[in-house]
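I have placed the structure first, in the form of structure tokens, so that the comments after it can refer back to it.
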Amino acid sequence: MGNEASALQPHAALSKSDIENLQKTFPKNASKQLWSPWSEVFEPEQLDVLCRSMVVNKAGAISFQNYQQLAGNVAKGVLENKINFMLMIAKVPKENLTTDSLQTCIKVIAKAFSKSAKQNLSTSDEDCAKLAASLTHDLIFHNEKRKSTFQKQQEVVDIEIDDIEKLFMSNPLIENMITEVLNHCFQVTLKQQTLLPKLPPSEIKTSLSLLQVLFLNYQLPHEMRHIWRPLFSTDVHGESFSKFTGCIINQGPTVIVVWDDQENVFGGFATNSWTLGPKFCGKPETFLFHLHPKMNIYDSTPYNNNYQYFNLKQKTMPNGLGMGGQLEYFGFWIDSEFGIVKTSPTCSTYHSAQLGQLEGKIKKLEVFGVGDLKEEDIEAGRSILDMDPEAQAVLEMMGKTFHSKAIREVDEENDKKEKLESQLNNK
């Protein structure tokens, strides 16, 4: 970089460390085109636009001065800069903006994000389109719940830059995707954030796409976004309610995803550990969701607190797992006769559209524990050992292995030995 380095005017938003890290990844030989990983993330026409936006030096090559200026302006700059960047690479003019042109921008960002992510999950143009439609919903349907707009076709609505700014502020996911793409392309961490969870190595391979995971993870409480623990999958565990129960009980907050035989994909986030009992539990932060045919989150209502229900081996109560609604009329219901899934046209607990069929068949089912497993959940698992023998036997038949049972027996035996030795020593 020679004389250019000595005349460098660092961007005010960048630290000395940021500048040094950017210099490490900037080519030693002058280049007229952006390099990898830029070329892996953006399409050729988008790269051309980016190159033209950075005034090249006298040799016709990209200068480090302008390169670090882009990093400071967009990655660490004000919201307006990120919006301008998005419009620029999508080739969308600021004049005559519509929700359709904004969706085009979001699809470009979502596709670039998918290519930059370090997760081995599938991606598709369809998911980019569904995510864009979901994020622009409120600009198209003013003050309407997603429950009431589920069957409606989106119309094209004229918007202003101010509308996009409000959208970015109310839902920072778009801005955060832009930042994550730039972190990847500049090969520096200009802003630390967690958009995708870590999925620990497991025999369970999810059928969720990358953008579906992103969409759901962004709705979770912050402390649960960093890790998803695969607990159950019909692909691995088969169609067994006993194994399903054994895998998910006392595992902390969970995300349940159902694929039915009509291609609907839906489910729910449960705040509480699943435990067997005849009563509803959970917190208002629970929600239901659609992933197909649309991406929607359905928040809880103040009408009741029937968030989650899980019961078994009862003659007078429903046996299975459900979220929302009332007994026999759940938002969705996974019957103990595994394979049956029911959804209600209306749900008093959530602002949800009907998730699937009145009664359908489960094509696939996956459950993830979200966030770290807390000590209270581990203790709850241990406390199962204190329940009556009949209930414990039921859970053991259901595939719930009581690893702590042997540990407790060993501990009790050691206590007896220590007590005996103490008595002998005192004689």
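A note on labels: chains of the structure tokens are A, B, ... as shown, every chain counts residues from 1, and ligands are counted from 1 in their shown order.
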Residue contacts of range 77-84 of chain A (10 Å, only C-alpha atoms) excluding same-chain residues fewer than 3 positions away, as a VMD selection string: chain A and resid 11 to 14 69 to 74 87 to 90 92 to 94 105 161 to 162 164 to 165 168 to 169 174 to 176 178 to 179
Give me the residues of range 163-257 of chain A that have any atom at most 8 Å from an atom of range 356-371 of chain A; for each, the nearest atom pair and the distance in Å, rounded to one decimal. Use only C-alpha atoms, sort by chain and number, and format it as CSV.
```
residue,atom,partner,partner_atom,distance
A:Thr206,CA,A:Glu366,CA,7.4
A:Glu223,CA,A:Gly371,CA,6.6
A:Met224,CA,A:Gly371,CA,3.9
A:Arg225,CA,A:Gly371,CA,6.3
A:His226,CA,A:Gly371,CA,6.4
A:Ile227,CA,A:Gly371,CA,5.2
A:Trp228,CA,A:Val370,CA,4.6
A:Arg229,CA,A:Gly369,CA,4.7
A:Pro230,CA,A:Phe368,CA,4.5
A:Leu231,CA,A:Phe368,CA,5.2
A:Phe232,CA,A:Val367,CA,5.1
A:Ser233,CA,A:Glu366,CA,4.4
A:Thr234,CA,A:Leu365,CA,5.5
A:Asp235,CA,A:Lys364,CA,7.3
A:Ile248,CA,A:Val367,CA,7.4
A:Gln251,CA,A:Gly369,CA,6.2
A:Gly252,CA,A:Gly369,CA,6.3
A:Pro253,CA,A:Val370,CA,5.8
A:Thr254,CA,A:Gly369,CA,4.4
A:Val255,CA,A:Phe368,CA,5.2
A:Ile256,CA,A:Val367,CA,4.5
A:Val257,CA,A:Glu366,CA,5.3
```
Set the distance at 9 Å and use only C-alpha atoms: which residues neighbour range 331-344 of chain A once local chain neighbours fewer than 4 positions away are removed? I'd like the list as a ChimeraX atom specification. /A:239-242,258,260,266-268,288,311-312,318-326,348-350,352-363
So which bits of range 77-132 of chain A end up helix (DSSP H, G or I) when you DSSP the backbone, as JSON, numbers by chain? {"A": [79, 80, 81, 82, 83, 84, 85, 86, 87, 88, 89, 99, 100, 101, 102, 103, 104, 105, 106, 107, 108, 109, 110, 111, 112, 113, 114, 115, 116, 125, 126, 127, 128, 129, 130, 131, 132]}
Using only C-alpha atoms, tabulate the residues of range 283-340 of chain A lying at most 9 Å from any atom of range 272-276 of chain A, each with its closest atom pair and that distance in Å to one decimal, by chain and increasing residue number, as a tab-separated table.
```
residue	atom	partner	partner_atom	distance
A:Lys283	CA	A:Asn272	CA	7.4
A:Thr286	CA	A:Asn272	CA	8.8
A:Gln308	CA	A:Trp274	CA	8.2
A:Tyr309	CA	A:Trp274	CA	8.1
A:Phe310	CA	A:Leu276	CA	5.3
A:Asn311	CA	A:Leu276	CA	5.0
A:Leu312	CA	A:Leu276	CA	6.9
```
If you keep all heavy atoms, can you produce a file of those selected residues as a short mmCIF file (atom, residue, chain, number, x, y, z; two decimals), in the first residue's frame?
```cif
data_model
loop_
_atom_site.label_atom_id
_atom_site.label_comp_id
_atom_site.auth_asym_id
_atom_site.auth_seq_id
_atom_site.Cartn_x
_atom_site.Cartn_y
_atom_site.Cartn_z
N LYS A 283 -45.04 -19.73 30.18
CA LYS A 283 -45.00 -18.29 30.39
C LYS A 283 -45.48 -17.56 29.14
O LYS A 283 -45.52 -18.15 28.05
CB LYS A 283 -43.56 -17.84 30.72
CG LYS A 283 -42.96 -18.48 31.97
CD LYS A 283 -41.58 -17.91 32.23
CE LYS A 283 -40.92 -18.57 33.46
NZ LYS A 283 -40.48 -19.94 33.17
N THR A 286 -43.92 -17.75 25.46
CA THR A 286 -44.11 -18.83 24.50
C THR A 286 -44.76 -18.28 23.23
O THR A 286 -45.42 -17.25 23.25
CB THR A 286 -45.01 -19.94 25.07
OG1 THR A 286 -46.27 -19.39 25.40
CG2 THR A 286 -44.41 -20.59 26.29
N GLN A 308 -48.73 -24.53 27.58
CA GLN A 308 -48.22 -25.86 27.22
C GLN A 308 -48.80 -26.92 28.15
O GLN A 308 -48.99 -26.69 29.35
CB GLN A 308 -46.69 -25.89 27.24
CG GLN A 308 -46.03 -25.31 28.48
CD GLN A 308 -44.52 -25.27 28.39
OE1 GLN A 308 -43.91 -24.22 28.28
NE2 GLN A 308 -43.88 -26.44 28.48
N TYR A 309 -49.06 -28.09 27.56
CA TYR A 309 -49.72 -29.19 28.28
C TYR A 309 -49.08 -30.50 27.83
O TYR A 309 -48.84 -30.72 26.65
CB TYR A 309 -51.21 -29.18 27.93
CG TYR A 309 -52.01 -30.36 28.45
CD1 TYR A 309 -52.69 -30.29 29.67
CD2 TYR A 309 -52.10 -31.54 27.72
CE1 TYR A 309 -53.44 -31.37 30.13
CE2 TYR A 309 -52.84 -32.62 28.18
CZ TYR A 309 -53.50 -32.54 29.38
OH TYR A 309 -54.24 -33.60 29.84
N PHE A 310 -48.84 -31.39 28.83
CA PHE A 310 -48.18 -32.66 28.54
C PHE A 310 -48.68 -33.69 29.55
O PHE A 310 -48.42 -33.56 30.75
CB PHE A 310 -46.67 -32.47 28.66
CG PHE A 310 -45.83 -33.58 28.10
CD1 PHE A 310 -46.28 -34.40 27.09
CD2 PHE A 310 -44.54 -33.78 28.56
CE1 PHE A 310 -45.48 -35.40 26.55
CE2 PHE A 310 -43.72 -34.77 28.05
CZ PHE A 310 -44.19 -35.58 27.05
N ASN A 311 -49.38 -34.70 29.07
CA ASN A 311 -49.97 -35.66 30.00
C ASN A 311 -49.99 -37.05 29.37
O ASN A 311 -49.94 -37.20 28.15
CB ASN A 311 -51.39 -35.24 30.38
CG ASN A 311 -51.80 -35.75 31.75
OD1 ASN A 311 -51.01 -36.39 32.45
ND2 ASN A 311 -53.02 -35.48 32.15
N LEU A 312 -50.11 -38.05 30.23
CA LEU A 312 -50.04 -39.44 29.75
C LEU A 312 -50.70 -40.38 30.76
O LEU A 312 -50.74 -40.10 31.96
CB LEU A 312 -48.58 -39.84 29.54
CG LEU A 312 -48.30 -41.07 28.68
CD1 LEU A 312 -48.82 -40.87 27.26
CD2 LEU A 312 -46.81 -41.37 28.66
#
```
